[in-house]
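Okay, entry.cif now, which holds mmCIF, C-alpha atoms:
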```
data_target
loop_
_atom_site.group_PDB
_atom_site.id
_atom_site.type_symbol
_atom_site.label_atom_id
_atom_site.label_comp_id
_atom_site.auth_asym_id
_atom_site.auth_seq_id
_atom_site.Cartn_x
_atom_site.Cartn_y
_atom_site.Cartn_z
ATOM 1 C CA MET A 1 -20.471 4.647 0.156
ATOM 2 C CA ARG A 2 -23.527 5.124 -1.984
ATOM 3 C CA GLN A 3 -27.127 4.030 -1.992
ATOM 4 C CA ILE A 4 -28.059 1.431 -4.583
ATOM 5 C CA THR A 5 -31.012 -0.752 -5.499
ATOM 6 C CA ILE A 6 -30.131 -4.435 -5.075
ATOM 7 C CA LYS A 7 -29.962 -6.291 -8.420
ATOM 8 C CA TYR A 8 -29.058 -9.702 -6.954
ATOM 9 C CA ASN A 9 -30.139 -11.404 -3.746
ATOM 10 C CA GLY A 10 -27.595 -10.954 -0.980
ATOM 11 C CA GLU A 11 -27.204 -10.216 2.701
ATOM 12 C CA CYS A 12 -26.151 -7.332 4.911
ATOM 13 C CA LYS A 13 -22.486 -7.504 5.967
ATOM 14 C CA ARG A 14 -23.367 -6.302 9.478
ATOM 15 C CA CYS A 15 -26.633 -7.972 10.521
ATOM 16 C CA GLY A 16 -26.887 -10.814 7.989
ATOM 17 C CA ASN A 17 -30.470 -9.922 6.949
ATOM 18 C CA SER A 18 -31.285 -11.061 3.435
ATOM 19 C CA LEU A 19 -31.541 -8.326 0.828
ATOM 20 C CA GLU A 20 -34.048 -9.078 -1.927
ATOM 21 C CA VAL A 21 -33.861 -7.753 -5.496
ATOM 22 C CA GLY A 22 -35.193 -4.180 -5.619
ATOM 23 C CA THR A 23 -34.364 -3.397 -1.977
ATOM 24 C CA PRO A 24 -32.472 -0.137 -1.350
ATOM 25 C CA ALA A 25 -29.083 -0.662 0.331
ATOM 26 C CA ILE A 26 -25.731 1.030 0.976
ATOM 27 C CA TYR A 27 -22.757 -0.249 -1.035
ATOM 28 C CA GLU A 28 -19.027 0.255 -1.230
ATOM 29 C CA LYS A 29 -16.775 -1.994 -3.322
ATOM 30 C CA SER A 30 -14.123 -2.249 -0.612
ATOM 31 C CA MET A 31 -16.632 -3.248 2.106
ATOM 32 C CA GLY A 32 -19.754 -4.837 0.617
ATOM 33 C CA VAL A 33 -23.517 -4.269 0.975
ATOM 34 C CA PHE A 34 -25.347 -3.045 4.097
ATOM 35 C CA CYS A 35 -29.000 -2.503 5.026
ATOM 36 C CA LEU A 36 -30.031 1.148 5.151
ATOM 37 C CA GLY A 37 -28.849 2.537 8.493
ATOM 38 C CA HIS A 38 -26.458 -0.377 9.130
ATOM 39 C CA GLU A 39 -23.499 1.035 7.191
ATOM 40 C CA PRO A 40 -20.391 1.680 9.321
ATOM 41 C CA GLN A 41 -19.871 5.281 10.405
ATOM 42 C CA GLU A 42 -16.783 5.289 12.650
ATOM 43 C CA VAL A 43 -13.292 5.434 11.082
ATOM 44 C CA GLU A 44 -12.005 2.278 12.790
ATOM 45 C CA GLU A 45 -15.180 0.354 11.953
ATOM 46 C CA ILE A 46 -14.817 1.297 8.265
ATOM 47 C CA ARG A 47 -11.146 0.282 8.423
ATOM 48 C CA ALA A 48 -12.100 -3.107 9.944
ATOM 49 C CA TYR A 49 -14.600 -3.908 7.159
ATOM 50 C CA ARG A 50 -12.144 -2.815 4.450
ATOM 51 C CA MET A 51 -9.348 -4.795 6.099
ATOM 52 C CA GLU A 52 -11.483 -7.963 6.160
ATOM 53 C CA LYS A 53 -12.061 -7.779 2.408
ATOM 54 C CA ALA A 54 -8.467 -6.716 1.653
ATOM 55 C CA GLU A 55 -7.063 -9.577 3.762
ATOM 56 C CA ALA A 56 -9.102 -12.155 1.817
ATOM 57 C CA LYS A 57 -7.837 -10.715 -1.481
ATOM 58 C CA ALA A 58 -4.241 -10.577 -0.194
ATOM 59 C CA GLU A 59 -4.408 -14.243 0.842
ATOM 60 C CA ARG A 60 -5.531 -15.189 -2.689
ATOM 61 C CA TYR A 61 -2.563 -13.307 -4.186
ATOM 62 C CA GLU A 62 -0.183 -15.055 -1.786
ATOM 63 C CA GLU A 63 -1.704 -18.440 -2.642
ATOM 64 C CA TRP A 64 -1.226 -17.777 -6.379
ATOM 65 C CA ALA A 65 2.339 -16.582 -5.755
ATOM 66 C CA GLY A 66 3.091 -19.714 -3.724
ATOM 67 C CA LYS A 67 1.858 -21.970 -6.531
ATOM 68 C CA ARG A 68 3.990 -20.117 -9.087
ATOM 69 C CA GLU A 69 7.080 -20.298 -6.857
ATOM 70 C CA GLU A 70 6.554 -24.004 -6.200
ATOM 71 C CA LYS A 71 6.159 -24.789 -9.913
ATOM 72 C CA ALA A 72 9.211 -22.649 -10.807
ATOM 73 C CA ALA A 73 11.330 -24.387 -8.151
ATOM 74 C CA VAL A 74 10.458 -27.786 -9.618
ATOM 75 C CA THR A 75 11.429 -26.580 -13.110
ATOM 76 C CA LEU A 76 14.712 -25.025 -11.947
ATOM 77 C CA ASP A 77 15.647 -28.199 -10.019
ATOM 78 C CA SER A 78 14.821 -30.569 -12.888
ATOM 79 C CA ASN A 79 17.506 -32.631 -14.662
ATOM 80 C CA PRO A 80 20.236 -32.154 -12.031
ATOM 81 C CA THR A 81 22.644 -34.444 -13.882
ATOM 82 C CA LEU A 82 22.391 -32.342 -17.057
ATOM 83 C CA ARG A 83 22.637 -29.049 -15.165
ATOM 84 C CA HIS A 84 25.997 -30.118 -13.680
ATOM 85 C CA ASP A 85 27.351 -31.602 -16.898
ATOM 86 C CA TRP A 86 29.704 -28.882 -18.199
ATOM 87 C CA ALA A 87 30.115 -30.604 -21.546
ATOM 88 C CA PHE A 88 26.333 -30.481 -22.055
ATOM 89 C CA ILE A 89 26.093 -26.849 -20.927
ATOM 90 C CA THR A 90 29.093 -25.465 -22.842
ATOM 91 C CA GLN A 91 29.118 -27.593 -25.995
ATOM 92 C CA PRO A 92 28.779 -25.345 -29.059
ATOM 93 C CA GLY A 93 25.918 -25.734 -31.492
ATOM 94 C CA HIS A 94 22.220 -26.295 -31.112
ATOM 95 C CA ILE A 95 21.230 -29.052 -28.692
ATOM 96 C CA PRO A 96 17.431 -29.443 -28.616
ATOM 97 C CA GLU A 97 17.318 -30.740 -25.011
ATOM 98 C CA ARG A 98 19.450 -27.819 -23.785
ATOM 99 C CA ALA A 99 17.300 -25.328 -25.739
ATOM 100 C CA ARG A 100 14.116 -26.753 -24.161
ATOM 101 C CA MET A 101 15.698 -26.567 -20.698
ATOM 102 C CA ILE A 102 16.755 -22.932 -21.226
ATOM 103 C CA LYS A 103 13.250 -21.964 -22.410
ATOM 104 C CA ALA A 104 11.706 -23.719 -19.404
ATOM 105 C CA ASP A 105 14.153 -21.909 -17.086
ATOM 106 C CA ASP A 106 13.301 -18.566 -18.689
ATOM 107 C CA ARG A 107 9.584 -19.235 -18.134
ATOM 108 C CA ALA A 108 10.302 -20.233 -14.527
ATOM 109 C CA HIS A 109 12.258 -17.027 -13.879
ATOM 110 C CA GLU A 110 9.440 -14.966 -15.432
ATOM 111 C CA SER A 111 6.953 -16.808 -13.215
ATOM 112 C CA LEU A 112 9.087 -15.987 -10.158
ATOM 113 C CA ARG A 113 9.078 -12.315 -11.194
ATOM 114 C CA VAL A 114 5.260 -12.377 -11.459
ATOM 115 C CA ALA A 115 5.033 -14.150 -8.069
ATOM 116 C CA LYS A 116 7.179 -11.407 -6.503
ATOM 117 C CA GLY A 117 4.763 -8.817 -7.918
ATOM 118 C CA MET A 118 1.828 -10.765 -6.464
ATOM 119 C CA ARG A 119 3.446 -10.818 -3.024
ATOM 120 C CA HIS A 120 4.078 -7.069 -3.271
ATOM 121 C CA LYS A 121 0.416 -6.544 -4.266
ATOM 122 C CA ALA A 122 -0.729 -8.646 -1.287
ATOM 123 C CA GLU A 123 1.430 -6.567 1.061
ATOM 124 C CA SER A 124 0.105 -3.278 -0.339
ATOM 125 C CA LEU A 125 -3.507 -4.504 0.006
ATOM 126 C CA ARG A 126 -2.946 -4.913 3.743
ATOM 127 C CA HIS A 127 -2.295 -1.161 4.144
ATOM 128 C CA VAL A 128 -5.925 -0.051 4.279
ATOM 129 C CA ARG A 129 -6.516 3.698 4.176
ATOM 130 C CA VAL A 130 -9.615 5.575 5.307
ATOM 131 C CA ALA A 131 -10.543 9.143 4.410
ATOM 132 C CA GLY A 132 -8.736 11.485 6.777
ATOM 133 C CA ASP A 133 -5.753 9.201 7.505
ATOM 134 C CA ALA A 134 -3.314 11.576 5.808
ATOM 135 C CA GLU A 135 -4.606 14.569 7.769
ATOM 136 C CA ARG A 136 -4.452 12.620 11.050
ATOM 137 C CA GLU A 137 -0.803 11.715 10.284
ATOM 138 C CA ARG A 138 0.006 15.376 9.495
ATOM 139 C CA GLN A 139 -1.670 16.454 12.754
ATOM 140 C CA ALA A 140 0.413 13.934 14.728
ATOM 141 C CA THR A 141 3.548 15.383 13.070
ATOM 142 C CA ARG A 142 2.425 18.933 14.001
ATOM 143 C CA GLU A 143 1.916 17.914 17.625
ATOM 144 C CA LYS A 144 5.403 16.351 17.823
ATOM 145 C CA LEU A 145 6.984 19.471 16.294
ATOM 146 C CA ASP A 146 5.169 21.748 18.762
ATOM 147 C CA LEU A 147 7.105 20.053 21.574
ATOM 148 C CA VAL A 148 10.482 21.158 20.168
ATOM 149 C CA ILE A 149 9.814 24.251 18.008
ATOM 150 C CA HIS A 150 9.159 27.642 19.632
ATOM 151 C CA LYS A 151 9.423 31.292 18.631
ATOM 152 C CA GLY A 152 13.025 31.967 17.680
ATOM 153 C CA SER A 153 13.749 28.331 16.702
ATOM 154 C CA LYS A 154 15.995 27.899 13.678
ATOM 155 C CA VAL A 155 14.147 25.705 11.175
ATOM 156 C CA ILE A 156 14.319 24.541 7.597
ATOM 157 C CA ASP A 157 11.489 24.299 5.082
ATOM 158 C CA VAL A 158 11.458 21.914 2.106
ATOM 159 C CA ILE A 159 10.842 24.803 -0.330
ATOM 160 C CA PHE A 160 12.162 28.040 1.156
ATOM 161 C CA GLY A 161 15.172 26.730 3.065
ATOM 162 C CA ALA A 162 16.438 27.966 6.439
ATOM 163 C CA GLY A 163 14.623 30.485 8.569
ATOM 164 C CA GLU A 164 13.494 31.540 12.044
ATOM 165 C CA VAL A 165 10.040 30.986 13.580
ATOM 166 C CA VAL A 166 8.368 34.344 14.355
ATOM 167 C CA GLY A 167 4.798 33.106 14.952
ATOM 168 C CA ILE A 168 3.036 29.887 15.951
ATOM 169 C CA TYR A 169 -0.519 29.031 14.901
ATOM 170 C CA SER A 170 -2.647 25.873 15.193
ATOM 171 C CA LYS A 171 -1.504 24.315 11.892
ATOM 172 C CA SER A 172 1.343 26.512 10.715
ATOM 173 C CA TYR A 173 4.446 28.456 11.696
ATOM 174 C CA ARG A 174 5.141 31.973 10.470
ATOM 175 C CA ILE A 175 8.773 31.913 9.402
ATOM 176 C CA LYS A 176 11.189 34.663 8.426
ATOM 177 C CA PHE A 177 13.385 33.001 5.809
ATOM 178 C CA ALA A 178 17.072 33.750 5.271
ATOM 179 C CA SER A 179 16.393 33.922 1.525
ATOM 180 C CA GLY A 180 14.039 36.866 2.119
ATOM 181 C CA GLY A 181 10.357 37.013 2.957
ATOM 182 C CA THR A 182 8.135 35.906 5.804
ATOM 183 C CA TYR A 183 5.538 33.210 5.136
ATOM 184 C CA ALA A 184 3.162 30.965 7.064
ATOM 185 C CA ARG A 185 4.042 27.333 6.324
ATOM 186 C CA ASP A 186 2.264 24.127 7.371
ATOM 187 C CA LYS A 187 4.018 22.656 10.396
ATOM 188 C CA SER A 188 4.342 19.244 8.714
ATOM 189 C CA PHE A 189 6.740 20.780 6.124
ATOM 190 C CA ILE A 190 9.113 22.151 8.774
ATOM 191 C CA ARG A 191 12.094 20.515 10.513
ATOM 192 C CA LEU A 192 14.517 21.825 13.116
ATOM 193 C CA LEU A 193 17.724 22.999 11.435
ATOM 194 C CA SER A 194 19.805 21.058 14.008
ATOM 195 C CA GLU A 195 18.114 17.773 12.917
ATOM 196 C CA MET A 196 19.200 18.316 9.300
ATOM 197 C CA ARG A 197 22.924 18.564 10.112
#
```

In C-alpha cells, what does this structure look like?
Amino acid sequence: MRQITIKYNGECKRCGNSLEVGTPAIYEKSMGVFCLGHEPQEVEEIRAYRMEKAEAKAERYEEWAGKREEKAAVTLDSNPTLRHDWAFITQPGHIPERARMIKADDRAHESLRVAKGMRHKAESLRHVRVAGDAERERQATREKLDLVIHKGSKVIDVIFGAGEVVGIYSKSYRIKFASGGTYARDKSFIRLLSEMR
C-alpha cells in the first residue's frame, strides 16, 4: 500500500466517504482506495479486501469462458447431417462447404482452448496471498515436524541426503549427514527417513 493524491473523484472502500481530487489517500491495486487511517492492517482483513476484488475479476473470466464455450458448442454441433455423411467427409478433392466447416471447427477448438485458460486464470485469482503467508506455512510445517523429530532421529534433507539430528533449534535442526559434515538446516526442508521409504 502506498499514499497517493487522488486524481479522480472516488470513495473509500471501508467507510464510503467521498474522496475529492487532490485528497491524500492510501491505495493498492489489489484492494482499492482508502481514507488515510482507514487502510486495513490485519492479515485477514487485507486478504478479505483482496479476495473481494479477485472474486469479481474471476467471475468476469468465467463469464467470458462460458460465452466462448457456448459459441464453440453451437459451431461444433452445426450441420449434423453433413457431419455424419461419410461420403461428404471422406470424398477426395476440395469441397468448399467442408473446408468452411473445418475452418469453423478449428476456430471453435481454439476458442475452447482459450476458454480453458480463462477458467484456469479465474481459479488462480481465487488463491489470494498476503505477505507472510509462505513463512506462516513453513512455520506450520516446522511445528508438525517437531512432534515426530527428536535428537537421534534419522532424517533426509533435499540437498545433503540422509543424516541424524544432533541439535534442535527454533527454526532449524543441526544434522550430521552420512555424506560428511554437520550443518544446521531449516526444519521445513527435512523429512523423516522412514517417511521416504

Distance query segment 62-76 of chain A at most 8 Å, only C-alpha atoms, self and fewer than 3 positions along chain excluded, as a PyMOL selection string: chain A and resi 58-59+104-105+108-109+111-112+114-116+118-119+122

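Here atom CA of Glu11 of chain A and atom CA of Val33 of chain A stand 7.2 Å from one another.
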
Spatial neighbours of Lys53 of chain A, 10 Å, only C-alpha atoms, chain gap at least 2 places, as number ranges by chain: A: 29-32, 48-51, 55-58, 125-126

Mind writing the picked residues with C-alpha atoms as a PDB file, in the frame of the given file?
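In the end it all went to out.pdb:
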```pdb
ATOM      1  CA  LYS A  29     -16.775  -1.994  -3.322  1.00  0.00           C
ATOM      2  CA  SER A  30     -14.123  -2.249  -0.612  1.00  0.00           C
ATOM      3  CA  MET A  31     -16.632  -3.248   2.106  1.00  0.00           C
ATOM      4  CA  GLY A  32     -19.754  -4.837   0.617  1.00  0.00           C
ATOM      5  CA  ALA A  48     -12.100  -3.107   9.944  1.00  0.00           C
ATOM      6  CA  TYR A  49     -14.600  -3.908   7.159  1.00  0.00           C
ATOM      7  CA  ARG A  50     -12.144  -2.815   4.450  1.00  0.00           C
ATOM      8  CA  MET A  51      -9.348  -4.795   6.099  1.00  0.00           C
ATOM      9  CA  GLU A  55      -7.063  -9.577   3.762  1.00  0.00           C
ATOM     10  CA  ALA A  56      -9.102 -12.155   1.817  1.00  0.00           C
ATOM     11  CA  LYS A  57      -7.837 -10.715  -1.481  1.00  0.00           C
ATOM     12  CA  ALA A  58      -4.241 -10.577  -0.194  1.00  0.00           C
ATOM     13  CA  LEU A 125      -3.507  -4.504   0.006  1.00  0.00           C
ATOM     14  CA  ARG A 126      -2.946  -4.913   3.743  1.00  0.00           C
TER      15      ARG A 126
END
```

Output of the PyMOL selection byres ((chain A and resi 21) around 7), listed as a PyMOL selection string: chain A and resi 6-9+19-20+22-23

Expansion of the PyMOL selection byres ((chain A and resi 171-175) around 10) into residues, as a ChimeraX atom specification: /A:138-139,142-143,146,149-157,160,162-170,176-178,181-190

Please provide as a compact mmCIF listing (two decimals) with C-alpha atoms, in the frame of the given file all residues within 12 Å of Ala131 of chain A, with the sequence filter that same-chain residues fewer than 2 positions apart are discarded (counting only C-alpha atoms).
```txt
# COMPACT_ATOMS: atom_id res chain seq x y z
CA MET A 1 -20.47 4.65 0.16
CA GLN A 41 -19.87 5.28 10.40
CA GLU A 42 -16.78 5.29 12.65
CA VAL A 43 -13.29 5.43 11.08
CA GLU A 44 -12.00 2.28 12.79
CA ILE A 46 -14.82 1.30 8.26
CA ARG A 47 -11.15 0.28 8.42
CA VAL A 128 -5.92 -0.05 4.28
CA ARG A 129 -6.52 3.70 4.18
CA ASP A 133 -5.75 9.20 7.50
CA ALA A 134 -3.31 11.58 5.81
CA GLU A 135 -4.61 14.57 7.77
CA ARG A 136 -4.45 12.62 11.05
CA GLU A 137 -0.80 11.72 10.28
```

Residues returned when the PyMOL selection byres ((chain A and resi 15) around 12) runs on this file, as an MDAnalysis selection string: chainID A and resid 10:14 16:19 33:40
